[in-house]
>>> print(open('work-v2.tsv').read())   # TSV, C-alpha atoms and all ligand atoms
chain	number	residue	atom	x	y	z
B	1	MET	CA	-16.56	18.20	48.44
B	2	SER	CA	-15.40	15.48	46.07
B	3	VAL	CA	-12.84	14.40	43.56
B	4	LEU	CA	-14.69	14.67	40.26
B	5	VAL	CA	-13.71	12.13	37.61
B	6	VAL	CA	-14.47	12.95	33.98
B	7	ILE	CA	-15.47	9.60	32.50
B	8	GLU	CA	-14.16	8.93	29.01
B	9	HIS	CA	-16.42	6.98	26.70
B	10	ASP	CA	-17.38	6.83	23.07
B	11	ARG	CA	-21.13	6.69	22.54
B	12	ASP	CA	-21.48	4.94	25.89
B	13	GLN	CA	-18.58	2.49	25.37
B	14	LEU	CA	-16.54	3.07	28.53
B	15	ALA	CA	-12.80	3.56	27.92
B	16	ASP	CA	-10.74	1.23	30.17
B	17	ALA	CA	-8.56	4.24	31.02
B	18	SER	CA	-11.57	5.71	32.86
B	19	LEU	CA	-11.43	2.84	35.36
B	20	GLU	CA	-7.77	3.70	35.99
B	21	ALA	CA	-8.80	7.35	36.52
B	22	LEU	CA	-11.46	6.22	39.06
B	23	ALA	CA	-8.87	4.07	40.89
B	24	PHE	CA	-6.40	6.97	40.95
B	25	ALA	CA	-9.11	9.36	42.16
B	26	ALA	CA	-10.01	6.95	44.99
B	27	ASP	CA	-6.48	7.36	46.36
B	28	VAL	CA	-6.61	11.17	46.08
B	29	ALA	CA	-10.10	11.26	47.66
B	30	ALA	CA	-8.94	9.05	50.55
B	31	GLN	CA	-6.08	11.48	51.24
B	32	LEU	CA	-8.55	14.40	51.26
B	33	GLY	CA	-11.27	12.55	53.16
B	34	VAL	CA	-13.86	13.21	50.43
B	35	ASP	CA	-15.94	11.10	48.01
B	36	VAL	CA	-15.26	10.17	44.40
B	37	GLU	CA	-17.92	11.49	42.03
B	38	ALA	CA	-18.21	10.85	38.30
B	39	LEU	CA	-19.13	13.19	35.47
B	40	LEU	CA	-20.85	11.52	32.52
B	41	ILE	CA	-21.21	13.69	29.44
B	42	GLY	CA	-23.58	12.64	26.63
B	43	VAL	CA	-27.28	11.95	26.29
B	44	ASP	CA	-27.16	8.17	26.78
B	45	ALA	CA	-23.99	8.06	28.87
B	46	VAL	CA	-26.07	7.61	32.00
B	47	SER	CA	-26.13	3.88	31.14
B	48	LEU	CA	-22.57	3.82	32.53
B	49	ALA	CA	-23.64	4.99	36.00
B	50	ASP	CA	-23.66	1.48	37.55
B	51	GLU	CA	-20.16	0.75	36.23
B	52	CYS	CA	-18.94	4.04	37.75
B	53	ALA	CA	-20.58	3.07	41.06
B	54	ALA	CA	-18.96	-0.38	40.97
B	55	HIS	CA	-15.62	1.39	40.64
B	56	GLY	CA	-16.12	3.74	43.55
B	57	ALA	CA	-18.26	6.72	42.48
B	58	SER	CA	-20.81	7.67	45.15
B	59	THR	CA	-22.59	10.21	42.92
B	60	VAL	CA	-22.83	10.39	39.15
B	61	HIS	CA	-23.50	13.76	37.54
B	62	HIS	CA	-25.06	13.38	34.12
B	63	VAL	CA	-24.86	16.12	31.50
B	64	ALA	CA	-27.46	15.26	28.86
B	65	ASP	CA	-27.24	18.15	26.39
B	66	ALA	CA	-28.14	16.87	22.89
B	67	SER	CA	-25.10	18.60	21.38
B	68	LEU	CA	-22.87	16.36	23.52
B	69	THR	CA	-23.85	12.99	22.04
B	70	ASP	CA	-20.53	12.77	20.19
B	71	TYR	CA	-17.17	13.97	21.40
B	72	GLY	CA	-15.97	17.50	20.66
B	73	PRO	CA	-13.08	19.01	22.64
B	74	ASP	CA	-14.55	22.51	22.94
B	75	ALA	CA	-17.97	21.21	23.99
B	76	TYR	CA	-16.71	18.55	26.43
B	77	GLY	CA	-14.09	20.92	27.89
B	78	GLY	CA	-16.74	23.60	28.29
B	79	ALA	CA	-19.09	21.10	29.95
B	80	VAL	CA	-16.39	20.10	32.45
B	81	ALA	CA	-15.61	23.76	33.23
B	82	SER	CA	-19.28	24.55	33.72
B	83	ALA	CA	-19.81	21.46	35.91
B	84	ALA	CA	-16.80	22.47	38.03
B	85	GLY	CA	-18.37	25.89	38.52
B	86	VAL	CA	-21.58	24.30	39.81
B	87	LEU	CA	-20.07	21.45	41.87
B	88	SER	CA	-16.85	23.09	43.18
B	89	PRO	CA	-14.94	19.79	43.50
B	90	SER	CA	-11.69	19.55	45.47
B	91	ALA	CA	-10.00	18.29	42.30
B	92	ILE	CA	-10.83	17.17	38.76
B	93	VAL	CA	-9.31	13.95	37.39
B	94	ALA	CA	-9.46	12.31	33.96
B	95	SER	CA	-7.51	9.65	32.11
B	96	GLY	CA	-4.24	10.71	30.50
B	97	SER	CA	-5.37	9.56	27.06
B	98	ASP	CA	-5.26	11.91	24.07
B	99	ARG	CA	-8.93	12.65	24.66
B	100	GLY	CA	-8.71	12.98	28.45
B	101	ASN	CA	-5.78	15.40	28.19
B	102	GLU	CA	-7.52	17.38	25.48
B	103	VAL	CA	-10.74	17.79	27.48
B	104	LEU	CA	-8.89	18.84	30.63
B	105	ALA	CA	-6.73	21.31	28.68
B	106	TYR	CA	-9.87	22.98	27.32
B	107	ALA	CA	-11.53	22.94	30.75
B	108	ALA	CA	-8.45	24.37	32.47
B	109	ALA	CA	-8.21	27.16	29.90
B	110	GLU	CA	-11.89	27.97	30.42
B	111	LEU	CA	-11.46	27.98	34.22
B	112	ASP	CA	-8.11	29.82	34.00
B	113	LEU	CA	-6.50	27.19	36.23
B	114	PRO	CA	-3.31	25.12	35.80
B	115	PHE	CA	-3.55	21.56	34.48
B	116	VAL	CA	-1.03	18.81	35.34
B	117	ALA	CA	-0.99	16.04	32.75
B	118	ASN	CA	0.05	12.38	33.06
B	119	CYS	CA	0.42	12.00	36.83
B	120	LEU	CA	1.81	8.79	38.31
B	121	ALA	CA	1.25	9.66	41.99
B	122	VAL	CA	-0.07	12.55	44.06
B	123	LYS	CA	0.39	13.65	47.67
B	124	THR	CA	-2.16	16.21	48.78
B	125	ALA	CA	-1.08	19.05	51.05
B	126	ASP	CA	-1.24	22.87	50.94
B	127	ASP	CA	0.80	22.60	47.76
B	128	TRP	CA	0.11	19.31	46.02
B	129	GLU	CA	3.17	17.19	45.22
B	130	MET	CA	3.01	15.02	42.18
B	131	THR	CA	5.17	12.71	40.11
B	132	ARG	CA	4.34	12.88	36.46
B	133	VAL	CA	5.55	11.45	33.20
B	134	GLN	CA	7.45	13.79	30.89
B	135	TRP	CA	9.03	13.45	27.46
B	136	GLY	CA	6.91	10.50	26.45
B	137	GLY	CA	8.01	8.45	29.46
B	138	SER	CA	11.75	9.15	29.21
B	139	LEU	CA	11.77	10.87	32.62
B	140	ASN	CA	9.58	11.34	35.66
B	141	GLU	CA	9.16	14.88	37.00
B	142	GLU	CA	8.54	15.82	40.64
B	143	ALA	CA	6.23	18.85	40.62
B	144	ARG	CA	4.39	21.06	43.11
B	145	LEU	CA	1.05	22.60	42.33
B	146	ALA	CA	-0.66	25.50	44.10
B	147	SER	CA	-4.21	25.71	42.79
B	148	SER	CA	-7.67	26.30	44.19
B	149	MET	CA	-8.89	23.30	42.16
B	150	PRO	CA	-6.15	20.90	40.97
B	151	ILE	CA	-6.87	19.49	37.51
B	152	LEU	CA	-4.98	16.25	36.84
B	153	SER	CA	-4.83	13.52	34.26
B	154	VAL	CA	-3.58	10.03	35.11
B	155	ALA	CA	-0.68	8.52	33.17
B	156	SER	CA	-1.55	5.40	31.23
B	157	HIS	CA	-1.41	2.30	33.48
B	158	ALA	CA	-0.36	4.38	36.54
B	159	ALA	CA	-3.25	3.06	38.63
B	160	GLU	CA	-4.34	-0.54	39.13
B	161	VAL	CA	-8.04	-0.94	38.32
B	162	ALA	CA	-9.89	-2.07	41.44
B	163	GLU	CA	-12.17	-5.13	41.43
B	164	PRO	CA	-15.73	-3.89	40.75
B	165	VAL	CA	-18.06	-3.91	43.78
B	166	THR	CA	-21.07	-6.03	42.84
B	167	GLY	CA	-24.40	-4.32	43.47
B	168	ALA	CA	-22.90	-0.91	44.23
B	169	THR	CA	-25.17	1.99	43.29
B	170	ALA	CA	-24.60	5.70	42.93
B	171	THR	CA	-26.93	8.66	43.25
B	172	VAL	CA	-27.54	9.93	39.72
B	173	GLN	CA	-28.10	13.66	39.31
B	174	THR	CA	-28.86	15.49	36.10
B	175	LEU	CA	-26.62	18.50	35.69
B	176	GLU	CA	-27.43	21.52	33.53
B	177	VAL	CA	-24.32	23.13	32.08
B	178	THR	CA	-23.66	26.28	30.12
B	179	LEU	CA	-21.62	25.59	27.02
B	180	PRO	CA	-19.24	28.16	25.52
B	181	GLU	CA	-20.05	29.77	22.17
B	182	SER	CA	-17.19	27.74	20.68
B	183	ALA	CA	-18.90	24.46	21.68
B	184	THR	CA	-19.69	23.47	18.12
B	185	ALA	CA	-16.34	24.56	16.67
B	186	THR	CA	-15.12	20.95	16.37
B	187	MET	CA	-17.71	18.26	15.79
B	188	ILE	CA	-17.65	14.67	14.53
B	189	GLN	CA	-19.11	14.61	11.01
B	190	ASP	CA	-18.60	10.96	10.15
B	191	ARG	CA	-17.46	7.76	11.87
B	192	ILE	CA	-15.33	5.09	10.17
B	193	VAL	CA	-14.62	1.80	11.92
B	194	LEU	CA	-10.91	1.03	11.46
B	195	SER	CA	-10.74	-2.05	13.65
B	196	GLU	CA	-13.08	-4.11	15.79
B	197	GLY	CA	-12.63	-6.60	18.60
B	198	VAL	CA	-9.38	-6.76	20.55
B	199	THR	CA	-7.32	-3.57	20.32
B	200	LEU	CA	-3.60	-3.04	20.71
B	201	ALA	CA	-4.15	-1.17	23.98
B	202	THR	CA	-6.18	-3.98	25.57
B	203	ALA	CA	-4.88	-7.19	23.92
B	204	PRO	CA	-3.63	-9.86	26.35
B	205	VAL	CA	-0.85	-10.84	23.95
B	206	VAL	CA	0.92	-8.58	21.46
B	207	VAL	CA	3.32	-9.95	18.85
B	208	GLY	CA	5.36	-6.96	17.71
B	209	GLY	CA	7.52	-6.77	14.61
B	210	GLY	CA	10.33	-4.37	13.77
B	211	ARG	CA	12.65	-3.60	10.89
B	212	GLY	CA	14.01	-7.14	11.28
B	213	VAL	CA	10.76	-8.48	9.76
B	214	GLY	CA	11.95	-6.96	6.48
B	215	SER	CA	8.66	-6.49	4.58
B	216	ALA	CA	4.87	-6.31	4.85
B	217	GLU	CA	4.66	-9.97	3.77
B	218	GLY	CA	7.12	-10.94	6.50
B	219	PHE	CA	4.41	-10.20	9.08
B	220	GLU	CA	2.54	-13.39	8.10
B	221	VAL	CA	4.59	-15.39	10.61
B	222	LEU	CA	3.69	-12.87	13.34
B	223	GLU	CA	-0.01	-12.99	12.36
B	224	ALA	CA	0.06	-16.79	12.60
B	225	LEU	CA	1.48	-16.77	16.13
B	226	ALA	CA	-0.81	-13.95	17.27
B	227	ALA	CA	-3.85	-15.88	15.99
B	228	LYS	CA	-2.76	-19.01	17.91
B	229	LEU	CA	-2.29	-17.03	21.14
B	230	GLY	CA	-5.48	-14.95	20.84
B	231	GLY	CA	-3.35	-11.87	20.45
B	232	ILE	CA	-2.80	-9.02	18.04
B	233	VAL	CA	0.11	-7.79	15.91
B	234	GLY	CA	1.92	-4.54	16.70
B	235	CYS	CA	5.02	-2.96	15.23
B	236	SER	CA	7.78	-0.39	15.59
B	237	ARG	CA	7.98	2.96	13.87
B	238	ALA	CA	10.59	1.65	11.44
B	239	VAL	CA	7.79	-0.58	10.14
B	240	THR	CA	5.17	2.16	9.80
B	241	ASN	CA	7.76	4.47	8.23
B	242	ASN	CA	8.37	1.77	5.60
B	243	GLY	CA	4.62	1.47	4.97
B	244	TRP	CA	4.57	-2.22	5.98
B	245	ARG	CA	1.82	-1.70	8.59
B	246	PRO	CA	-0.61	1.17	9.38
B	247	HIS	CA	0.19	3.68	12.12
B	248	ALA	CA	-2.65	2.22	14.23
B	249	ASP	CA	-0.39	-0.81	14.80
B	250	GLN	CA	2.57	1.20	16.12
B	251	VAL	CA	3.71	0.69	19.69
B	252	GLY	CA	5.59	3.48	21.43
B	253	GLN	CA	5.85	7.11	22.33
B	254	THR	CA	4.11	8.23	19.16
B	255	GLY	CA	1.99	5.09	18.91
B	256	THR	CA	-0.02	3.02	21.39
B	257	ARG	CA	1.11	2.22	24.94
B	258	ILE	CA	0.42	-1.44	25.46
B	259	ALA	CA	0.07	-3.44	28.69
B	260	PRO	CA	-0.47	-7.09	27.66
B	261	GLN	CA	0.30	-10.14	29.76
B	262	LEU	CA	2.93	-11.01	27.15
B	263	TYR	CA	4.74	-8.90	24.55
B	264	ILE	CA	6.74	-10.85	21.98
B	265	ALA	CA	9.10	-8.33	20.34
B	266	CYS	CA	10.51	-9.72	17.09
B	267	GLY	CA	13.31	-7.97	15.22
B	268	ILE	CA	12.89	-4.83	17.33
B	269	SER	CA	16.02	-3.17	18.76
B	270	GLY	CA	14.18	-1.55	21.70
B	271	ALA	CA	14.86	2.16	21.13
B	272	ILE	CA	13.66	4.31	24.05
B	273	GLN	CA	10.71	5.63	22.04
B	274	HIS	CA	9.54	2.05	21.47
B	275	TRP	CA	10.36	0.89	25.00
B	276	VAL	CA	8.16	3.54	26.69
B	277	GLY	CA	5.18	2.10	24.86
B	278	ALA	CA	6.05	-1.51	25.69
B	279	LYS	CA	7.40	-1.41	29.24
B	280	ALA	CA	4.01	-1.87	30.93
B	281	ALA	CA	3.81	-5.41	29.51
B	282	LYS	CA	3.79	-7.98	32.33
B	283	LYS	CA	6.37	-10.18	30.56
B	284	ILE	CA	8.47	-9.50	27.48
B	285	LEU	CA	10.01	-12.10	25.18
B	286	ALA	CA	12.55	-10.68	22.73
B	287	ILE	CA	13.45	-12.54	19.55
B	288	ASN	CA	16.49	-10.97	17.93
B	289	THR	CA	19.69	-11.95	16.15
B	290	ASP	CA	21.64	-9.42	18.25
B	291	PRO	CA	22.24	-10.52	21.87
B	292	ALA	CA	23.23	-6.93	22.77
B	293	ALA	CA	20.01	-5.32	21.46
B	294	ASN	CA	18.36	-3.12	24.10
B	295	MET	CA	15.12	-5.11	23.85
B	296	VAL	CA	17.02	-8.35	24.52
B	297	VAL	CA	18.84	-6.87	27.50
B	298	LYS	CA	15.63	-5.49	29.04
B	299	ALA	CA	13.32	-8.43	28.26
B	300	ASP	CA	12.30	-11.09	30.79
B	301	TYR	CA	13.13	-13.79	28.23
B	302	ALA	CA	15.07	-13.75	24.98
B	303	VAL	CA	15.68	-16.09	22.08
B	304	ILE	CA	18.76	-15.19	20.04
B	305	GLY	CA	18.05	-16.20	16.49
B	306	ASP	CA	16.38	-15.39	13.20
B	307	LEU	CA	12.71	-14.60	13.79
B	308	PHE	CA	11.78	-16.52	10.64
B	309	ASP	CA	13.19	-19.69	12.26
B	310	VAL	CA	11.99	-19.01	15.79
B	311	LEU	CA	8.39	-17.86	15.22
B	312	PRO	CA	7.19	-20.84	13.11
B	313	ALA	CA	8.78	-23.15	15.69
B	314	ILE	CA	6.80	-21.50	18.53
B	315	THR	CA	3.61	-21.46	16.45
B	316	ASP	CA	3.99	-25.20	15.76
B	317	ILE	CA	4.19	-26.14	19.44
B	318	THR	CA	1.39	-23.83	20.71
N	1	LIG	C1	10.30	11.68	18.24
N	1	LIG	C2	10.43	10.22	17.96
N	1	LIG	C3	9.35	9.39	18.24
N	1	LIG	C4	9.45	8.03	17.98
N	1	LIG	N1	8.38	7.22	18.29
N	1	LIG	C5	8.49	5.88	18.11
N	1	LIG	C6	7.42	5.01	18.48
N	1	LIG	O1	6.34	5.43	18.93
N	1	LIG	N2	7.60	3.68	18.29
N	1	LIG	C7	8.76	3.16	17.80
N	1	LIG	O2	8.85	1.92	17.65
N	1	LIG	N3	9.79	3.96	17.44
N	1	LIG	C8	9.66	5.32	17.57
N	1	LIG	N4	10.70	6.11	17.16
N	1	LIG	C9	11.80	5.51	16.40
N	1	LIG	C10	12.85	4.83	17.27
N	1	LIG	O3	13.81	5.77	17.70
N	1	LIG	C11	13.56	3.72	16.48
N	1	LIG	O4	14.14	4.27	15.33
N	1	LIG	C12	12.65	2.56	16.08
N	1	LIG	O5	11.90	2.11	17.18
N	1	LIG	C13	13.49	1.42	15.53
N	1	LIG	O6	12.66	0.40	15.08
N	1	LIG	P1	13.16	-1.11	15.02
N	1	LIG	O7	13.56	-1.54	16.39
N	1	LIG	O8	12.12	-1.88	14.31
N	1	LIG	O9	14.41	-1.02	14.03
N	1	LIG	P2	15.95	-1.17	14.32
N	1	LIG	O10	16.41	-0.27	15.39
N	1	LIG	O11	16.62	-1.05	12.98
N	1	LIG	O12	16.12	-2.65	14.88
N	1	LIG	C14	15.92	-3.79	14.10
N	1	LIG	C15	16.28	-5.01	14.95
N	1	LIG	O13	15.96	-6.18	14.26
N	1	LIG	C16	16.98	-7.16	14.54
N	1	LIG	N5	16.91	-8.13	13.42
N	1	LIG	C17	17.22	-7.91	12.12
N	1	LIG	N6	16.92	-9.00	11.39
N	1	LIG	C18	16.41	-9.93	12.25
N	1	LIG	C19	15.91	-11.24	12.09
N	1	LIG	N7	15.82	-11.83	10.88
N	1	LIG	N8	15.48	-11.91	13.19
N	1	LIG	C20	15.52	-11.33	14.43
N	1	LIG	N9	15.99	-10.07	14.64
N	1	LIG	C21	16.42	-9.38	13.54
N	1	LIG	C22	18.27	-6.35	14.63
N	1	LIG	O14	19.24	-7.03	15.38
N	1	LIG	C23	17.75	-5.10	15.37
N	1	LIG	O15	17.87	-5.24	16.76
N	1	LIG	C24	10.62	7.48	17.41
N	1	LIG	C25	11.70	8.32	17.15
N	1	LIG	C26	11.61	9.66	17.40
N	1	LIG	C27	12.78	10.56	17.11
>>> encode(input="work-v2.tsv", output="structure tokens", more="lines below")
Ligand SMILES: Cc1cc2nc3c(=O)[nH]c(=O)nc-3n(C[C@H](O)[C@H](O)[C@H](O)COP(=O)(O)OP(=O)(O)OC[C@H]3O[C@@H](n4cnc5c(N)ncnc54)[C@H](O)[C@@H]3O)c2cc1C
Amino acid sequence: MSVLVVIEHDRDQLADASLEALAFAADVAAQLGVDVEALLIGVDAVSLADECAAHGASTVHHVADASLTDYGPDAYGGAVASAAGVLSPSAIVASGSDRGNEVLAYAAAELDLPFVANCLAVKTADDWEMTRVQWGGSLNEEARLASSMPILSVASHAAEVAEPVTGATATVQTLEVTLPESATATMIQDRIVLSEGVTLATAPVVVGGGRGVGSAEGFEVLEALAAKLGGIVGCSRAVTNNGWRPHADQVGQTGTRIAPQLYIACGISGAIQHWVGAKAAKKILAINTDPAANMVVKADYAVIGDLFDVLPAITDIT
């Protein structure tokens, strides 16, 4: 028996969230006294086997069907369901990303089993007890699950990624799966690169701007500081609603959940929907004219002042 982790990747680029899923699965597997095994879907995905081993997988199951080179929810969900039928794992785990949740939802529907999304912690027993994130992070739910094969996704940043074990190897096994007729219902037709390099989700420093920035041009002072700090610019929904920045830059419940070493929130009030996307930052510096703003109250550090005075001053001394 094992805890089977569905590894998220895009054409063999491992998603960092998969390492969190492996770390989370290690805890569940330790409670059950079983191994962690990984499921790699995609023809060339087997190149990720060593990385899975370094993060705790003892066996890697590789599904190499040519129709699975690119992601498709029906096909990947069907592959997971079919693999579960062959391997009969104690539980199936994936990252709680949009893609991870989508794949597990399809797989759970195919297997006719319940799926618990966005778990923070799990205690295994006859009925499994889990804490999971609800309402975009506004509340945590205590839930019980009775299932022959629990299917769980891991909330973003819920598990600390373990240090990789140098030289670890896993047994690699090719797995034949039966795909549902709907497998080709949704397929990638074209790929457009929107951004390269550091992303909002992985940047060590994020300089975020809100309505207080006032215009698209106002973001130049944020770009200047981000460039000096090796960081990236993010924003609030007020900014994307105004068309000052693209939605890809939005931090929050309906944007990206960030976890940088430092988040510098400029002219952002700190509404709950923004806060849930920012709270995993290790340190937060708020720059705001309002000392009572939620972001100021919750931040580790705050500068009360006009961001157009404060930001150039910080940029000059860094
Ligand atoms: C379903 C739903 C989902 C949502 N999802 C998101 C989401 O994912 N992300 C998100 O961000 N929001 C989201 N929102 C919107 C959210 O509720 C807030 O409306 C939004 O975050 C406010 O953005 P803001 O802080 O930039 O603007 P405001 O709340 O207007 O705050 C502006 C701040 O700037 C300060 N300020 C003004 N001028 C200056 C200056 N010159 N220097 C320094 N400070 C200044 C003000 O004191 C104020 O604190 C969502 C809302 C809903 C209903």
>>> residues_near_ligand(input="work-v2.tsv", ligand="ligand LIG 1 (chain N)", cutoff="7 Å", atoms="all atoms listed in the file", output="ChimeraX atom specification")
/B:209-213,235-239,250-255,266-274,277,287-290,293,305-308
>>> write_last_selection(input="work-v2.tsv", atoms="C-alpha atoms", output="PDB file, keeping the file's coordinate frame")
ATOM      1  CA  GLY B 209       7.520  -6.770  14.610  1.00  0.00           C
ATOM      2  CA  GLY B 210      10.330  -4.370  13.770  1.00  0.00           C
ATOM      3  CA  ARG B 211      12.650  -3.600  10.890  1.00  0.00           C
ATOM      4  CA  GLY B 212      14.010  -7.140  11.280  1.00  0.00           C
ATOM      5  CA  VAL B 213      10.760  -8.480   9.760  1.00  0.00           C
ATOM      6  CA  CYS B 235       5.020  -2.960  15.230  1.00  0.00           C
ATOM      7  CA  SER B 236       7.780  -0.390  15.590  1.00  0.00           C
ATOM      8  CA  ARG B 237       7.980   2.960  13.870  1.00  0.00           C
ATOM      9  CA  ALA B 238      10.590   1.650  11.440  1.00  0.00           C
ATOM     10  CA  VAL B 239       7.790  -0.580  10.140  1.00  0.00           C
ATOM     11  CA  GLN B 250       2.570   1.200  16.120  1.00  0.00           C
ATOM     12  CA  VAL B 251       3.710   0.690  19.690  1.00  0.00           C
ATOM     13  CA  GLY B 252       5.590   3.480  21.430  1.00  0.00           C
ATOM     14  CA  GLN B 253       5.850   7.110  22.330  1.00  0.00           C
ATOM     15  CA  THR B 254       4.110   8.230  19.160  1.00  0.00           C
ATOM     16  CA  GLY B 255       1.990   5.090  18.910  1.00  0.00           C
ATOM     17  CA  CYS B 266      10.510  -9.720  17.090  1.00  0.00           C
ATOM     18  CA  GLY B 267      13.310  -7.970  15.220  1.00  0.00           C
ATOM     19  CA  ILE B 268      12.890  -4.830  17.330  1.00  0.00           C
ATOM     20  CA  SER B 269      16.020  -3.170  18.760  1.00  0.00           C
ATOM     21  CA  GLY B 270      14.180  -1.550  21.700  1.00  0.00           C
ATOM     22  CA  ALA B 271      14.860   2.160  21.130  1.00  0.00           C
ATOM     23  CA  ILE B 272      13.660   4.310  24.050  1.00  0.00           C
ATOM     24  CA  GLN B 273      10.710   5.630  22.040  1.00  0.00           C
ATOM     25  CA  HIS B 274       9.540   2.050  21.470  1.00  0.00           C
ATOM     26  CA  GLY B 277       5.180   2.100  24.860  1.00  0.00           C
ATOM     27  CA  ILE B 287      13.450 -12.540  19.550  1.00  0.00           C
ATOM     28  CA  ASN B 288      16.490 -10.970  17.930  1.00  0.00           C
ATOM     29  CA  THR B 289      19.690 -11.950  16.150  1.00  0.00           C
ATOM     30  CA  ASP B 290      21.640  -9.420  18.250  1.00  0.00           C
ATOM     31  CA  ALA B 293      20.010  -5.320  21.460  1.00  0.00           C
ATOM     32  CA  GLY B 305      18.050 -16.200  16.490  1.00  0.00           C
ATOM     33  CA  ASP B 306      16.380 -15.390  13.200  1.00  0.00           C
ATOM     34  CA  LEU B 307      12.710 -14.600  13.790  1.00  0.00           C
ATOM     35  CA  PHE B 308      11.780 -16.520  10.640  1.00  0.00           C
TER      36      PHE B 308
END
>>> residues_around(input="work-v2.tsv", residues="Phe115 (chain B)", least_positions_apart="2", cutoff="9 Å", atoms="only C-alpha atoms", output="short mmCIF file (atom, residue, chain, number, x, y, z; two decimals) with C-alpha atoms, keeping the file's coordinate frame")
data_model
loop_
_atom_site.label_atom_id
_atom_site.label_comp_id
_atom_site.auth_asym_id
_atom_site.auth_seq_id
_atom_site.Cartn_x
_atom_site.Cartn_y
_atom_site.Cartn_z
CA LEU B 104 -8.89 18.84 30.63
CA ALA B 105 -6.73 21.31 28.68
CA ALA B 107 -11.53 22.94 30.75
CA ALA B 108 -8.45 24.37 32.47
CA ALA B 109 -8.21 27.16 29.90
CA LEU B 113 -6.50 27.19 36.23
CA ALA B 117 -0.99 16.04 32.75
CA PRO B 150 -6.15 20.90 40.97
CA ILE B 151 -6.87 19.49 37.51
CA LEU B 152 -4.98 16.25 36.84
CA SER B 153 -4.83 13.52 34.26
#
>>> closest_residue(input="work-v2.tsv", among="B:Ala203, B:Val116, B:Ala146, B:Leu285", to="Val133 (chain B)", atoms="all atoms listed in the file")
B:Val116
>>> atom_distance(input="work-v2.tsv", atom1="CA of Val28 (chain B)", atom2="CA of Ser2 (chain B)")
9.8 Å
>>> residues_around(input="work-v2.tsv", residues="Pro204 (chain B)", least_positions_apart="2", cutoff="7 Å", atoms="all atoms listed in the file", output="list in words")
Thr202, Val206, Gly231, Pro260, Gln261 and Leu262 of chain B
>>> residues_near_point(input="work-v2.tsv", point="(-4.3, -11.2, 18.4)", cutoff="10 Å", atoms="all atoms listed in the file", output="list in words")
Gly197, Val198, Thr199, Leu200, Ala203, Pro204, Val205, Val206, Val207, Leu222, Glu223, Ala224, Leu225, Ala226, Ala227, Lys228, Leu229, Gly230, Gly231, Ile232, Val233 and Gly234 of chain B
>>> atom_distance(input="work-v2.tsv", atom1="CA of Asp12 (chain B)", atom2="CA of Cys119 (chain B)")
25.5 Å
>>> atom_distance(input="work-v2.tsv", atom1="CA of Glu181 (chain B)", atom2="CA of Ala64 (chain B)")
17.6 Å
>>> closest_residue(input="work-v2.tsv", among="B:Ser82, B:Thr256, B:Ser215, B:Ser156", to="Asn118 (chain B)", atoms="only C-alpha atoms")
B:Ser156
>>> closest_residue(input="work-v2.tsv", among="B:Ala79, B:Leu48, B:Ala265, B:Asp309", to="Asn294 (chain B)", atoms="only C-alpha atoms")
B:Ala265
>>> closest_residue(input="work-v2.tsv", among="B:Arg245, B:Lys298, B:Lys279, B:Arg257", to="Gly218 (chain B)", atoms="all atoms listed in the file")
B:Arg245
>>> closest_residue(input="work-v2.tsv", among="B:Leu111, B:Leu175, B:Leu4, B:Ala75", to="His61 (chain B)", atoms="all atoms listed in the file")
B:Leu175
>>> closest_residue(input="work-v2.tsv", among="B:Met1, B:Ser97, B:Ala121, B:Leu68", to="Glu37 (chain B)", atoms="only C-alpha atoms")
B:Met1
>>> residues_around(input="work-v2.tsv", residues="Met130 (chain B)", least_positions_apart="6", cutoff="6 Å", atoms="all atoms listed in the file", output="PDB file with C-alpha atoms, keeping the file's coordinate frame")
ATOM      1  CA  ALA B 121       1.250   9.660  41.990  1.00  0.00           C
ATOM      2  CA  VAL B 122      -0.070  12.550  44.060  1.00  0.00           C
ATOM      3  CA  GLU B 142       8.540  15.820  40.640  1.00  0.00           C
ATOM      4  CA  ALA B 143       6.230  18.850  40.620  1.00  0.00           C
TER       5      ALA B 143
END
>>> axis_aligned_box(input="work-v2.tsv", around="region 267-275 of chain B", padding_each_side="4 Å", output="JSON")
{"center_x": 12.8, "center_y": -1.2, "center_z": 20.1, "size_x": 14.5, "size_y": 21.6, "size_z": 17.8}
>>> residues_near_point(input="work-v2.tsv", point="(-21.2, 15.2, 34.8)", cutoff="8 Å", atoms="only C-alpha atoms", output="number ranges by chain")
B: 6, 38-41, 60-63, 79-80, 83, 174-175
>>> decode(input="work-v2.tsv", residues="region 225-230 of chain B", atoms="N, CA and C atoms", output="short mmCIF file (atom, residue, chain, number, x, y, z; two decimals), in the first residue's frame")
data_model
loop_
_atom_site.label_atom_id
_atom_site.label_comp_id
_atom_site.auth_asym_id
_atom_site.auth_seq_id
_atom_site.Cartn_x
_atom_site.Cartn_y
_atom_site.Cartn_z
N LEU B 225 11.89 49.67 -7.47
CA LEU B 225 12.31 49.01 -6.23
C LEU B 225 12.39 47.50 -6.42
N ALA B 226 11.41 46.93 -7.13
CA ALA B 226 11.41 45.47 -7.36
C ALA B 226 12.68 45.06 -8.10
N ALA B 227 13.08 45.86 -9.10
CA ALA B 227 14.28 45.54 -9.88
C ALA B 227 15.51 45.55 -8.98
N LYS B 228 15.59 46.53 -8.08
CA LYS B 228 16.75 46.63 -7.16
C LYS B 228 16.82 45.44 -6.23
N LEU B 229 15.64 44.92 -5.82
CA LEU B 229 15.60 43.85 -4.81
C LEU B 229 15.52 42.46 -5.45
N GLY B 230 15.57 42.40 -6.78
CA GLY B 230 15.45 41.09 -7.45
C GLY B 230 14.06 40.51 -7.27
#
